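Single-structure report; data block below.
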2 protein chains.
Amino acid sequence: MGKGLETRERILAIAEASVLAKGFGATSIDEIIADAGITKSGFFYHFKDKNELARAMLLRYVRSNNHLFDDVFGRGTQLSDDPLQAFLIGLKLLAEVMADLPNGHPGCLIASVCYQERMFDREVRAIAANSVQGWNARFRATLDEIAKVHPPHEAVDLDTVADMMSCIVDGGIIMSKLMDDPRRLEKQVLAFRAFVKMLFAPAPASRPAHAVSAA
Amino acid sequence: MGKGLETRERILAIAEASVLAKGFGATSIDEIIADAGITKSGFFYHFKDKNELARAMLLRYVRSNNHLFDDVFGRGTQLSDDPLQAFLIGLKLLAEVMADLPNGHPGCLIASVCYQERMFDREVRAIAANSVQGWNARFRATLDEIAKVHPPHEAVDLDTVADMMSCIVDGGIIMSKLMDDPRRLEKQVLAFRAFVKMLFAPAPASRPAHAVSAA
DNA sequence: CCGAAAACCGTACTTCAAGTACAGTGTTTT
DNA sequence: AAAACACTGTACTTGAAGTACGGTTTTCGG
């Protein structure tokens with residue numbers, strides 16, 4: 001990585017942390033440059049204004065999230081030929097990754113943008129919307145594969161189940177941040193996993209409906 | 001309502017809309033007072049600073065949300081003696097309310113605070129955390145009632161299922177705002193409803209496991 | 001090793017919002 | 001009629017966003 005890209009990356013990382021902690025409007029350029037050890041001129045050399053910073057931050061975030069999903073669900077398909085088992089393995093791995101973040105999940109930039117939409121131009125909002133749409137389509141395709149082999153037990157819309165994945169993660173992040181308990185997010189992902197399992201897994205004949213109680 | 005309270009309420013409503021659209025840090029007092037038709041002095045007569053405004057906004061939001069929950073789930077218990085059916089009715093009503101909001105759900109102030117935590121003092125963050133904790137406890141109690149009558153089919157942690165309710169709503173709000181489609185939120189609530197149903201409802205003997213396909 | 005492009009630094013400035021301070025005014029309540 | 005309430009008006013300080021632009025150092029291909 002060249003020196004220019006390195007500085008740019010440092011700015012983006014610092015800005016992301018600040019935006020997730022204080023919001024975009026309250027993130028000051030003076031603070032960013034102080035943390036990055038550069039001057040204001042240096043900042044504006046890399047980004048012509050705050051909107052360009054936002055665009056770059058978002059693209060960076062989306063790329064890293066895509067890598068994460070490729071990683072965990074790719075591993076899932078390596079470990080099982082059954083699409084349902086592969087997805088369940090991927091969800092378990094995802095939950096583990098979420099739980100292993102040292103200070104908990106720092107937050108979802110997409111959600112942050114969503115709650116400050118009027119601060120951004122159309123392009124930034126489009127990046128956010130398209131990314132989520134892409135993730136939903138990805139999960140929808142996975143669910144289709146599963147449904148081909150394991151017809152669902154309940155007549156639910158698979159698009160909605162695919163959406164649910166993103167909703168659970170975003171909601172789980174909020175919950176875990178609010179309660180200052182990283183494990184809340186892990187548990188939500190595992191609860192979604194249980195939902196998928198209940199929806200598609202063949203009913204085990206050995207376990208009658210009333211045998212298990214969690215109360 | 002006295003004249004003072006009326007102005008105060010007007011300020012809070014305008015501020016809430018602005019915070020949900022732009023974030024707390026980017027919400028300017030000048031804009032609020034312009035919309036409210038008062039002067040800056042008038043604003044500071046009601047709230048000594050922005051943190052006091054945040055505190056009042058949050059309390060207002062929590063109260064109105066509590067009323068909504070009391071309303072829909074209260075109606076549910078009126079309409080059925082079975083705790084599961086009552087909860088399912090409440091969820092259906094909640095989904096309807098969410099879908100009937102004219103411009104979609106404006107956003108969750110708790111989530112907004114969560115994504116701008118460093119902007120607020122400890123008290124504001126405590127209000128947010130306690131409120132969600134309260135809702136979780138409420139849903140947990142409901143689930144306990146249900147589990148007494150209908151033992152769950154899967155060994156899931158009921159605290160996590162209770163959390164899931166808030167997660168789905170917050171995630172659904174983000175999703176529907178992002179996609180500019182209010183029905184996304186409604187569908188998420190109904191999907192959670194399907195989850196609860198699958199978890200507790202007695203398996204209908206008339207419908208074998210492989211009879212339904214949504215693909 | 002040299003020159004040009006890249007990657008900055010320094011200074012000065014304008015604009016705008018947050019928040020403070022405080023004196024004054026009309027209205028309502030007791 | 002007095003006091004409390006609900007504001008208005010003016011003036012100020014502080015700080016961040018963003019502009020402008022000239023100067024300096026570092027890097028890298030030829």
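In the structure tokens, each chain is lettered A, B, ... as it comes, each chain's residues begin at 1, and ligands are numbered from 1 in order of appearance.
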
- Message: Select, as a PyMOL selection string, those residues of chain D with any atom no more than 8 Å from chain B (distances computed using only C-alpha atoms (C1' of nucleotides)).
- Response: chain D and resi 6-8

How would the residues just chosen look if you wrote them out with N, CA, C and O atoms (P, O5', C5', C4', C3', O3' and C1' of nucleotides) as a compact mmCIF listing (two decimals), in the first residue's frame?
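Output saved as again_28.txt:
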# COMPACT_ATOMS: atom_id res chain seq x y z
P DA D 6 -45.47 28.57 31.77
O5' DA D 6 -45.20 29.51 30.51
C5' DA D 6 -46.27 30.27 29.96
C4' DA D 6 -45.75 31.20 28.90
C3' DA D 6 -44.71 30.56 27.95
O3' DA D 6 -44.98 30.96 26.62
C1' DA D 6 -43.88 32.55 28.82
P DC D 7 -44.26 30.10 25.41
O5' DC D 7 -42.71 30.46 25.54
C5' DC D 7 -42.06 31.25 24.55
C4' DC D 7 -42.29 32.74 24.79
C3' DC D 7 -41.38 33.61 23.97
O3' DC D 7 -41.93 33.83 22.68
C1' DC D 7 -41.65 34.46 26.20
P DT D 8 -40.93 34.12 21.47
O5' DT D 8 -40.50 35.63 21.71
C5' DT D 8 -41.46 36.68 21.64
C4' DT D 8 -40.76 38.02 21.77
C3' DT D 8 -39.66 38.27 20.72
O3' DT D 8 -39.82 39.58 20.20
C1' DT D 8 -38.78 38.55 22.88

- Item | Test item: residues at most 10 Å from D:DT26, only C-alpha atoms (C1' of nucleotides), excluding those fewer than 5 positions along its chain, as a PyMOL selection string | (chain A and resi 3) or (chain C and resi 6-8)

Any chance you can output those residues with all heavy atoms as an mmCIF file, in the first residue's frame?
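Result saved to out_27.cif:
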data_model
loop_
_atom_site.group_PDB
_atom_site.id
_atom_site.type_symbol
_atom_site.label_atom_id
_atom_site.label_comp_id
_atom_site.auth_asym_id
_atom_site.auth_seq_id
_atom_site.Cartn_x
_atom_site.Cartn_y
_atom_site.Cartn_z
ATOM 1 N N LYS A 3 1.973 5.268 0.329
ATOM 2 C CA LYS A 3 1.824 6.141 1.492
ATOM 3 C C LYS A 3 0.508 6.912 1.453
ATOM 4 O O LYS A 3 -0.131 7.117 2.490
ATOM 5 C CB LYS A 3 3.008 7.120 1.541
ATOM 6 C CG LYS A 3 3.116 7.853 2.870
ATOM 7 C CD LYS A 3 4.366 8.704 2.969
ATOM 8 C CE LYS A 3 4.364 9.509 4.245
ATOM 9 N NZ LYS A 3 4.292 10.957 3.997
ATOM 10 P P DA C 6 0.097 12.833 -9.898
ATOM 11 O OP1 DA C 6 -0.712 11.684 -10.370
ATOM 12 O OP2 DA C 6 -0.463 14.202 -9.902
ATOM 13 O "O5'" DA C 6 0.589 12.496 -8.425
ATOM 14 C "C5'" DA C 6 1.494 11.395 -8.226
ATOM 15 C "C4'" DA C 6 1.793 11.252 -6.754
ATOM 16 O "O4'" DA C 6 2.728 12.285 -6.346
ATOM 17 C "C3'" DA C 6 0.585 11.380 -5.827
ATOM 18 O "O3'" DA C 6 0.722 10.406 -4.810
ATOM 19 C "C2'" DA C 6 0.702 12.813 -5.281
ATOM 20 C "C1'" DA C 6 2.208 12.993 -5.237
ATOM 21 N N9 DA C 6 2.662 14.368 -5.392
ATOM 22 C C8 DA C 6 2.238 15.303 -6.297
ATOM 23 N N7 DA C 6 2.870 16.460 -6.218
ATOM 24 C C5 DA C 6 3.766 16.263 -5.182
ATOM 25 C C6 DA C 6 4.737 17.105 -4.601
ATOM 26 N N6 DA C 6 4.956 18.358 -5.004
ATOM 27 N N1 DA C 6 5.473 16.605 -3.586
ATOM 28 C C2 DA C 6 5.249 15.336 -3.186
ATOM 29 N N3 DA C 6 4.374 14.450 -3.668
ATOM 30 C C4 DA C 6 3.658 14.988 -4.663
ATOM 31 P P DA C 7 -0.457 10.201 -3.733
ATOM 32 O OP1 DA C 7 -0.445 8.776 -3.340
ATOM 33 O OP2 DA C 7 -1.681 10.825 -4.246
ATOM 34 O "O5'" DA C 7 0.081 11.050 -2.507
ATOM 35 C "C5'" DA C 7 1.337 10.699 -1.916
ATOM 36 C "C4'" DA C 7 1.665 11.670 -0.800
ATOM 37 O "O4'" DA C 7 2.087 12.940 -1.363
ATOM 38 C "C3'" DA C 7 0.484 12.010 0.136
ATOM 39 O "O3'" DA C 7 0.931 12.027 1.481
ATOM 40 C "C2'" DA C 7 0.081 13.397 -0.335
ATOM 41 C "C1'" DA C 7 1.448 13.973 -0.665
ATOM 42 N N9 DA C 7 1.435 15.169 -1.500
ATOM 43 C C8 DA C 7 0.583 15.483 -2.521
ATOM 44 N N7 DA C 7 0.811 16.648 -3.082
ATOM 45 C C5 DA C 7 1.903 17.135 -2.377
ATOM 46 C C6 DA C 7 2.640 18.344 -2.476
ATOM 47 N N6 DA C 7 2.367 19.294 -3.376
ATOM 48 N N1 DA C 7 3.671 18.507 -1.617
ATOM 49 C C2 DA C 7 3.937 17.543 -0.729
ATOM 50 N N3 DA C 7 3.322 16.382 -0.539
ATOM 51 C C4 DA C 7 2.304 16.239 -1.404
ATOM 52 P P DC C 8 -0.177 11.941 2.655
ATOM 53 O OP1 DC C 8 0.545 11.897 3.949
ATOM 54 O OP2 DC C 8 -1.095 10.859 2.296
ATOM 55 O "O5'" DC C 8 -0.998 13.316 2.567
ATOM 56 C "C5'" DC C 8 -0.891 14.286 3.596
ATOM 57 C "C4'" DC C 8 0.387 15.104 3.467
ATOM 58 O "O4'" DC C 8 0.497 15.611 2.125
ATOM 59 C "C3'" DC C 8 0.407 16.341 4.349
ATOM 60 O "O3'" DC C 8 0.941 16.036 5.616
ATOM 61 C "C2'" DC C 8 1.328 17.289 3.585
ATOM 62 C "C1'" DC C 8 1.284 16.792 2.144
ATOM 63 N N1 DC C 8 0.692 17.757 1.173
ATOM 64 C C2 DC C 8 1.353 18.949 0.898
ATOM 65 O O2 DC C 8 2.407 19.209 1.501
ATOM 66 N N3 DC C 8 0.822 19.836 0.004
ATOM 67 C C4 DC C 8 -0.320 19.526 -0.626
ATOM 68 N N4 DC C 8 -0.794 20.408 -1.495
ATOM 69 C C5 DC C 8 -1.016 18.314 -0.358
ATOM 70 C C6 DC C 8 -0.487 17.470 0.535
#

- Query: Got a sec to tell me which of stretch 76-197 of chain B DSSP assigns to helix (DSSP H, G or I), as a ChimeraX atom specification?
  - Reply: /B:76-79,83-100,109-114,117-119,122-149,158-179,183-197

- Best match for closeness to B:Trp135 among A:Ala162, A:Glu117, A:Met175, A:Asp82, counting only C-alpha atoms: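 Comparing A:Ala162, A:Glu117, A:Met175, A:Asp82 against B:Trp135, the winner is A:Met175.
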
- Message: Select, as a PyMOL selection string, those residues of chain A with any atom no more than 6 Å from chain B (distances computed using only C-alpha atoms).
- Response: chain A and resi 20-23+25-26+115-119+129+151-153+155+167-168+170-172+178+209+213-214

Keeping only C-alpha atoms, write the selected residues as a tab-separated table (two decimals), in the first residue's frame.
chain	number	residue	atom	x	y	z
A	20	LEU	CA	-20.44	5.23	14.74
A	21	ALA	CA	-19.90	6.77	18.16
A	22	LYS	CA	-21.17	10.32	17.61
A	23	GLY	CA	-22.95	10.44	14.29
A	25	GLY	CA	-22.98	15.52	11.76
A	26	ALA	CA	-21.13	15.59	15.06
A	115	TYR	CA	-30.64	7.50	10.74
A	116	GLN	CA	-28.96	10.57	9.27
A	117	GLU	CA	-30.22	10.38	5.71
A	118	ARG	CA	-30.74	14.12	5.30
A	119	MET	CA	-27.02	14.62	5.88
A	129	ALA	CA	-29.74	0.83	-0.21
A	151	PRO	CA	-39.81	-27.54	1.71
A	152	PRO	CA	-40.63	-25.05	4.51
A	153	HIS	CA	-43.13	-26.14	7.16
A	155	ALA	CA	-46.04	-20.64	4.38
A	167	CYS	CA	-32.86	-6.91	10.41
A	168	ILE	CA	-31.72	-9.28	13.14
A	170	ASP	CA	-28.87	-4.53	12.77
A	171	GLY	CA	-31.30	-4.90	15.65
A	172	GLY	CA	-28.86	-7.13	17.51
A	178	LEU	CA	-27.41	-0.37	24.30
A	209	ALA	CA	-43.67	-31.96	20.29
A	213	SER	CA	-39.28	-26.92	28.00
A	214	ALA	CA	-37.16	-23.82	28.47

Could you build a table of the residues in chain B lying no more than 8 Å from chain C, giving for each the nearest pair of atoms and their separation in Å rounded to one decimal place, using only C-alpha atoms (C1' of nucleotides), ordered by chain and ascending residue number, as JSON lines?
{"residue": "B:Ser28", "atom": "CA", "partner": "C:DA17", "partner_atom": "C1'", "distance": 6.9}
{"residue": "B:Ile29", "atom": "CA", "partner": "C:DA18", "partner_atom": "C1'", "distance": 7.9}
{"residue": "B:Asp30", "atom": "CA", "partner": "C:DA17", "partner_atom": "C1'", "distance": 7.6}
{"residue": "B:Asp49", "atom": "CA", "partner": "C:DG19", "partner_atom": "C1'", "distance": 7.9}

- Task: Could you jot down the atom CA of B:Val72 to atom CA of B:Val124 separation for me, Å, one decimal place?
- Result: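 Separating atom CA of B:Val72 from atom CA of B:Val124 is a distance of 27.2 Å.
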
- Task: Record the distance separating atom CA of B:Gln85 and atom CA of B:Asn65, expressed in Å with one decimal.
- Result: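 Separating atom CA of B:Gln85 from atom CA of B:Asn65 is a distance of 22.0 Å.
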
- Query: Please, what distance in Å, to one decimal, runs between atom CA of A:Glu16 and atom CA of A:Asp121?
  - Reply: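 Computing the Euclidean distance for atom CA of A:Glu16 and atom CA of A:Asp121 yields 17.8 Å.
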